[in-house]
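K.L.:
Just protein-v1.tsv, nothing more (TSV, C-alpha atoms):
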```
chain	number	residue	atom	x	y	z
A	1	LEU	CA	-2.82	10.75	0.14
A	2	VAL	CA	-4.11	14.33	0.41
A	3	PRO	CA	-3.42	16.06	3.76
A	4	GLY	CA	-6.62	16.81	5.66
A	5	CYS	CA	-8.77	14.37	3.66
A	6	ASP	CA	-10.76	11.74	5.53
A	7	PRO	CA	-9.71	8.32	4.11
A	8	ASN	CA	-13.12	6.96	5.09
A	9	ARG	CA	-14.69	9.32	2.54
A	10	ALA	CA	-12.27	8.57	-0.31
A	11	TRP	CA	-13.47	6.90	-3.50
A	12	ALA	CA	-11.52	5.03	-6.17
A	13	PHE	CA	-12.06	5.03	-9.92
A	14	ARG	CA	-11.86	1.80	-11.91
A	15	PHE	CA	-11.83	1.67	-15.69
A	16	LYS	CA	-14.81	-0.16	-17.19
A	17	LYS	CA	-14.79	-1.31	-20.81
A	18	GLY	CA	-17.65	-0.63	-23.14
A	19	ARG	CA	-20.38	1.95	-23.02
A	20	THR	CA	-24.10	2.11	-22.61
A	21	ARG	CA	-26.16	5.23	-23.21
A	22	VAL	CA	-28.14	4.62	-20.05
A	23	ALA	CA	-25.33	3.81	-17.59
A	24	PRO	CA	-21.81	4.78	-18.78
A	25	ALA	CA	-20.67	4.67	-15.14
A	26	LYS	CA	-21.66	2.71	-12.07
A	27	LEU	CA	-21.30	3.79	-8.46
A	28	ASP	CA	-20.52	1.14	-5.86
A	29	HIS	CA	-21.52	2.95	-2.66
A	30	VAL	CA	-20.54	0.06	-0.39
A	31	ASN	CA	-16.90	-0.05	-1.52
A	32	ARG	CA	-16.81	3.59	-2.66
A	33	ILE	CA	-15.75	2.83	-6.24
A	34	VAL	CA	-16.77	4.55	-9.47
A	35	TYR	CA	-16.66	2.12	-12.41
A	36	GLY	CA	-16.66	3.79	-15.79
A	37	ASN	CA	-14.97	5.01	-18.93
A	38	LEU	CA	-13.90	8.66	-18.70
A	39	VAL	CA	-14.24	9.19	-22.45
A	40	HIS	CA	-17.90	8.19	-22.47
A	41	MET	CA	-18.55	9.93	-19.16
A	42	GLY	CA	-17.35	13.17	-20.77
A	43	GLN	CA	-20.24	13.34	-23.24
A	44	ARG	CA	-22.62	16.22	-22.48
A	45	HIS	CA	-25.78	14.09	-22.56
A	46	VAL	CA	-24.18	11.81	-19.95
A	47	TYR	CA	-22.77	14.14	-17.30
A	48	ALA	CA	-25.73	16.53	-17.34
A	49	ARG	CA	-27.77	14.16	-15.14
A	50	ALA	CA	-25.15	11.76	-13.83
A	51	PRO	CA	-25.12	10.81	-10.11
A	52	TRP	CA	-21.35	11.37	-10.01
A	53	ALA	CA	-21.59	14.91	-11.37
A	54	GLU	CA	-20.50	17.59	-8.85
A	55	ALA	CA	-20.00	14.84	-6.25
A	56	PHE	CA	-16.35	15.26	-5.18
A	57	ASP	CA	-14.34	17.97	-3.42
A	58	VAL	CA	-10.97	16.66	-4.67
A	59	VAL	CA	-10.01	14.39	-7.58
A	60	VAL	CA	-6.49	12.93	-7.77
A	61	CYS	CA	-5.49	11.86	-11.29
A	62	LEU	CA	-1.85	10.76	-11.54
A	63	GLN	CA	-0.22	9.42	-14.72
A	64	VAL	CA	-3.50	8.36	-16.36
A	65	PHE	CA	-4.20	10.65	-19.32
A	66	GLU	CA	-1.38	9.36	-21.55
A	67	HIS	CA	-3.41	6.13	-21.78
A	68	ILE	CA	-6.70	7.81	-22.81
A	69	MET	CA	-7.21	8.14	-26.54
A	70	ARG	CA	-9.67	11.05	-26.29
A	71	PRO	CA	-8.22	13.11	-23.44
A	72	PHE	CA	-10.36	16.22	-24.00
A	73	ASP	CA	-13.53	14.17	-23.45
A	74	ALA	CA	-11.99	12.60	-20.35
A	75	ALA	CA	-11.01	16.05	-19.04
A	76	ARG	CA	-14.65	17.14	-19.24
A	77	ALA	CA	-15.71	14.06	-17.27
A	78	VAL	CA	-13.18	14.77	-14.53
A	79	ALA	CA	-14.18	18.43	-14.41
A	80	HIS	CA	-17.84	17.55	-13.94
A	81	MET	CA	-17.02	15.14	-11.11
A	82	LEU	CA	-15.86	18.13	-9.09
A	83	LYS	CA	-18.12	20.26	-6.98
A	84	PRO	CA	-17.92	23.99	-7.72
A	85	GLY	CA	-14.74	25.13	-6.01
A	86	GLY	CA	-13.35	21.57	-6.10
A	87	ILE	CA	-9.70	20.77	-6.76
A	88	LEU	CA	-8.03	18.45	-9.29
A	89	LEU	CA	-4.47	17.23	-8.66
A	90	PHE	CA	-3.15	16.13	-12.05
A	91	THR	CA	0.10	14.69	-13.37
A	92	ALA	CA	0.97	13.27	-16.78
A	93	PRO	CA	4.29	12.42	-18.45
A	94	PHE	CA	6.15	14.78	-20.73
A	95	VAL	CA	9.32	12.69	-21.25
A	96	GLU	CA	8.77	9.02	-20.49
A	97	ARG	CA	9.35	5.69	-22.18
A	98	TYR	CA	6.56	4.22	-24.28
A	99	HIS	CA	4.44	1.98	-22.05
A	100	GLN	CA	1.21	0.32	-23.12
A	101	VAL	CA	-1.32	-0.04	-20.28
A	102	PRO	CA	-3.05	-1.07	-22.51
A	103	THR	CA	-2.39	1.90	-24.84
A	104	ASP	CA	0.01	4.84	-24.71
A	105	GLY	CA	-1.05	7.79	-26.82
A	106	PHE	CA	0.04	11.16	-25.47
A	107	ARG	CA	2.61	13.29	-23.66
A	108	PHE	CA	1.72	16.60	-22.00
A	109	THR	CA	3.50	19.90	-21.61
A	110	LEU	CA	2.28	22.22	-18.87
A	111	ASP	CA	0.72	24.54	-21.43
A	112	GLY	CA	-1.03	21.69	-23.23
A	113	ALA	CA	-2.46	20.12	-20.08
A	114	ALA	CA	-3.64	23.50	-18.77
A	115	ALA	CA	-5.32	24.28	-22.10
A	116	MET	CA	-7.04	20.88	-22.16
A	117	PHE	CA	-8.58	21.44	-18.74
A	118	ALA	CA	-9.37	25.09	-19.48
A	119	ASP	CA	-11.51	23.76	-22.33
A	120	ALA	CA	-13.33	21.69	-19.68
A	121	GLY	CA	-13.85	24.74	-17.45
A	122	LEU	CA	-11.02	24.30	-14.93
A	123	VAL	CA	-8.48	26.95	-13.94
A	124	ALA	CA	-4.81	26.01	-13.38
A	125	GLU	CA	-3.77	27.55	-10.05
A	126	GLU	CA	-0.31	25.95	-9.81
A	127	ARG	CA	2.03	24.48	-12.45
A	128	TRP	CA	4.96	22.22	-11.55
A	129	ARG	CA	7.72	20.56	-13.56
A	130	ILE	CA	8.82	17.17	-12.21
A	131	GLY	CA	12.51	16.92	-13.03
A	132	ASP	CA	14.62	18.76	-15.60
A	133	THR	CA	16.58	17.91	-18.74
A	134	LEU	CA	19.25	15.98	-16.86
A	135	LEU	CA	16.80	13.98	-14.75
A	136	ALA	CA	14.43	13.33	-17.68
A	137	ASN	CA	17.20	11.86	-19.80
A	138	ALA	CA	18.57	9.85	-16.87
A	139	PHE	CA	15.10	8.52	-16.01
A	140	THR	CA	14.58	7.45	-19.63
A	141	LEU	CA	17.89	5.56	-19.54
A	142	GLY	CA	16.92	3.70	-16.39
A	143	PHE	CA	18.57	5.72	-13.62
A	144	GLY	CA	16.68	6.37	-10.37
A	145	VAL	CA	16.70	8.91	-7.55
A	146	GLY	CA	19.37	6.88	-5.71
A	147	ASP	CA	21.82	7.67	-8.50
A	148	PHE	CA	21.81	11.43	-7.79
A	149	ASP	CA	23.02	13.74	-5.06
A	150	GLU	CA	20.26	14.76	-2.64
A	151	ARG	CA	21.08	18.44	-3.09
A	152	LEU	CA	20.54	18.22	-6.85
A	153	LEU	CA	17.24	16.41	-6.36
A	154	ALA	CA	16.07	18.98	-3.82
A	155	LYS	CA	16.72	21.71	-6.39
A	156	ARG	CA	15.51	20.10	-9.60
A	157	LEU	CA	13.07	17.26	-8.91
A	158	LEU	CA	10.05	19.48	-8.26
A	159	VAL	CA	10.08	23.00	-9.66
A	160	ARG	CA	7.12	25.36	-9.59
A	161	GLU	CA	6.51	27.51	-12.63
A	162	PRO	CA	6.15	31.23	-11.83
A	163	ASP	CA	2.59	32.51	-11.49
A	164	GLN	CA	3.42	35.32	-13.92
A	165	ARG	CA	3.67	33.71	-17.34
A	166	PRO	CA	6.52	35.09	-19.49
A	167	THR	CA	5.93	36.72	-22.84
A	168	GLU	CA	6.95	34.78	-25.94
A	169	THR	CA	10.16	36.80	-26.27
A	170	ASP	CA	11.04	36.41	-22.58
A	171	TYR	CA	10.37	32.68	-22.67
A	172	ASP	CA	12.56	32.08	-25.73
A	173	ALA	CA	15.41	33.95	-24.07
A	174	ARG	CA	14.98	32.10	-20.77
A	175	VAL	CA	14.97	28.62	-22.36
A	176	ASP	CA	17.98	29.44	-24.52
A	177	PHE	CA	19.79	30.52	-21.37
A	178	HIS	CA	18.75	27.51	-19.26
A	179	PRO	CA	19.02	24.22	-21.23
A	180	HIS	CA	18.09	22.28	-18.07
A	181	GLU	CA	14.52	23.56	-18.57
A	182	TRP	CA	14.10	22.17	-22.08
A	183	LEU	CA	12.79	18.81	-20.82
A	184	TRP	CA	11.20	17.40	-17.68
A	185	ILE	CA	9.76	14.04	-16.65
A	186	SER	CA	6.12	14.89	-15.90
A	187	SER	CA	3.82	17.89	-15.84
A	188	ALA	CA	1.87	18.54	-12.65
A	189	LEU	CA	-1.08	20.89	-12.21
A	190	VAL	CA	-3.33	21.99	-9.38
A	191	LEU	CA	-6.64	22.98	-10.98
A	192	ARG	CA	-9.89	24.33	-9.59
A	193	ARG	CA	-13.44	24.28	-10.85
A	194	PRO	CA	-14.61	27.86	-10.37
A	195	ALA	CA	-17.48	28.42	-7.98
A	196	PRO	CA	-20.41	30.31	-9.50
A	197	ALA	CA	-20.25	34.03	-8.82
A	198	LEU	CA	-22.66	35.26	-6.20
A	199	SER	CA	-25.18	37.69	-7.65
A	200	SER	CA	-25.12	41.02	-5.83
A	201	ARG	CA	-28.40	42.47	-4.65
A	202	ARG	CA	-29.10	46.12	-5.24
```
Turn this file's structure into structure tokens for me.
P.N.:
Amino acid sequence: LVPGCDPNRAWAFRFKKGRTRVAPAKLDHVNRIVYGNLVHMGQRHVYARAPWAEAFDVVVCLQVFEHIMRPFDAARAVAHMLKPGGILLFTAPFVERYHQVPTDGFRFTLDGAAAMFADAGLVAEERWRIGDTLLANAFTLGFGVGDFDERLLAKRLLVREPDQRPTETDYDARVDFHPHEWLWISSALVLRRPAPALSSRR
């Protein structure tokens, strides 16, 4: 899934109902599965001494957070799974049909998702829009990638936001000028947990 990653070292996460103060998550070392509830795992008294804290170099979280009713707590849990310097690959829908699995509570802009993870201590290093206004509306109506010209998809299916964020005035002008940027299907972020700064010796 992630280039350069050893599949024999990959773990999966499985949602586990309920909570206990003693063991809000369980690690299955044989099958490399973490069973837990991200909301409960995001409580400070839990992750401070958890065996899964600072255990992973990379976490891949795709189209999950719209189903979590307390996403800021879940973001803290994911952040504390990462080792210092670790990477989170995150996507969540911005324009998508309502789908209960088993709940469907949220949609995320790039700014909103980045702010949520900034609150958990992660830094957004890359921001990507999946699709544009045309593709988002078509996807909602049931069209797929086979219904579009390959050249259009190559240009609009995955668009990286510029590293230099526009000012409020610049952004308003840019969106007014480019209606195809008003909507997109999903927001995608590459985030990093900062490594602690090395203290300099005098």
K.L.:
Interatomic distance between CA of Leu191 in chain A and CA of Gly86 in chain A?
P.N.:
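Spanning CA of Leu191 in chain A to CA of Gly86 in chain A is a straight-line distance of 8.4 Å.
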K.L.:
Taking 6 positions as the minimum chain separation for residues in the same chain, which residues sit within 10 Å of Ala53 in chain A when counting all atoms listed in the file? Answer as a VMD selection string.
P.N.:
chain A and resid 41 46 to 47 77 to 83
K.L.:
Rounded to one decimal in Å, what is the spacing between CA of Trp52 in chain A and CA of Lys26 in chain A?
P.N.:
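The value is 8.9 Å.
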K.L.:
Wanna dump the range 34-134 of chain A-range 138-148 of chain A contacts at 9 Å for me, each residue with its shortest atom pair and the distance in Å to one decimal, counting all atoms listed in the file, ordered by chain and number, as a Markdown table?
P.N.:
```
| residue | atom | partner | partner_atom | distance |
| --- | --- | --- | --- | --- |
| A:Val95 | CA | A:Thr140 | CA | 7.6 |
| A:Glu96 | CA | A:Thr140 | CA | 6.1 |
| A:Arg97 | CA | A:Thr140 | CA | 6.1 |
| A:Thr133 | CA | A:Ala138 | CA | 8.5 |
| A:Leu134 | CA | A:Ala138 | CA | 6.2 |
```
K.L.:
Give me the residues near range 194-197 of chain A as a tab-separated table (two decimals) with C-alpha atoms, keeping the file's coordinate frame, where near means some atom within 8 Å (using only C-alpha atoms) and where sequence neighbours in that chain fewer than 3 positions away do not count.
P.N.:
```
chain	number	residue	atom	x	y	z
A	84	PRO	CA	-17.92	23.99	-7.72
A	85	GLY	CA	-14.74	25.13	-6.01
A	86	GLY	CA	-13.35	21.57	-6.10
A	121	GLY	CA	-13.85	24.74	-17.45
A	122	LEU	CA	-11.02	24.30	-14.93
A	123	VAL	CA	-8.48	26.95	-13.94
```
K.L.:
List the neighbours of Ile68 in chain A out to 12 Å using only C-alpha atoms; skip same-chain residues closer than 6 positions along the sequence, and give me the result as number ranges by chain.
P.N.:
A: 15, 37-40, 74-75, 92, 100-107
K.L.:
How many Å lie between CA of Phe94 in chain A and CA of Lys17 in chain A, rounded to one decimal?
P.N.:
26.4 Å
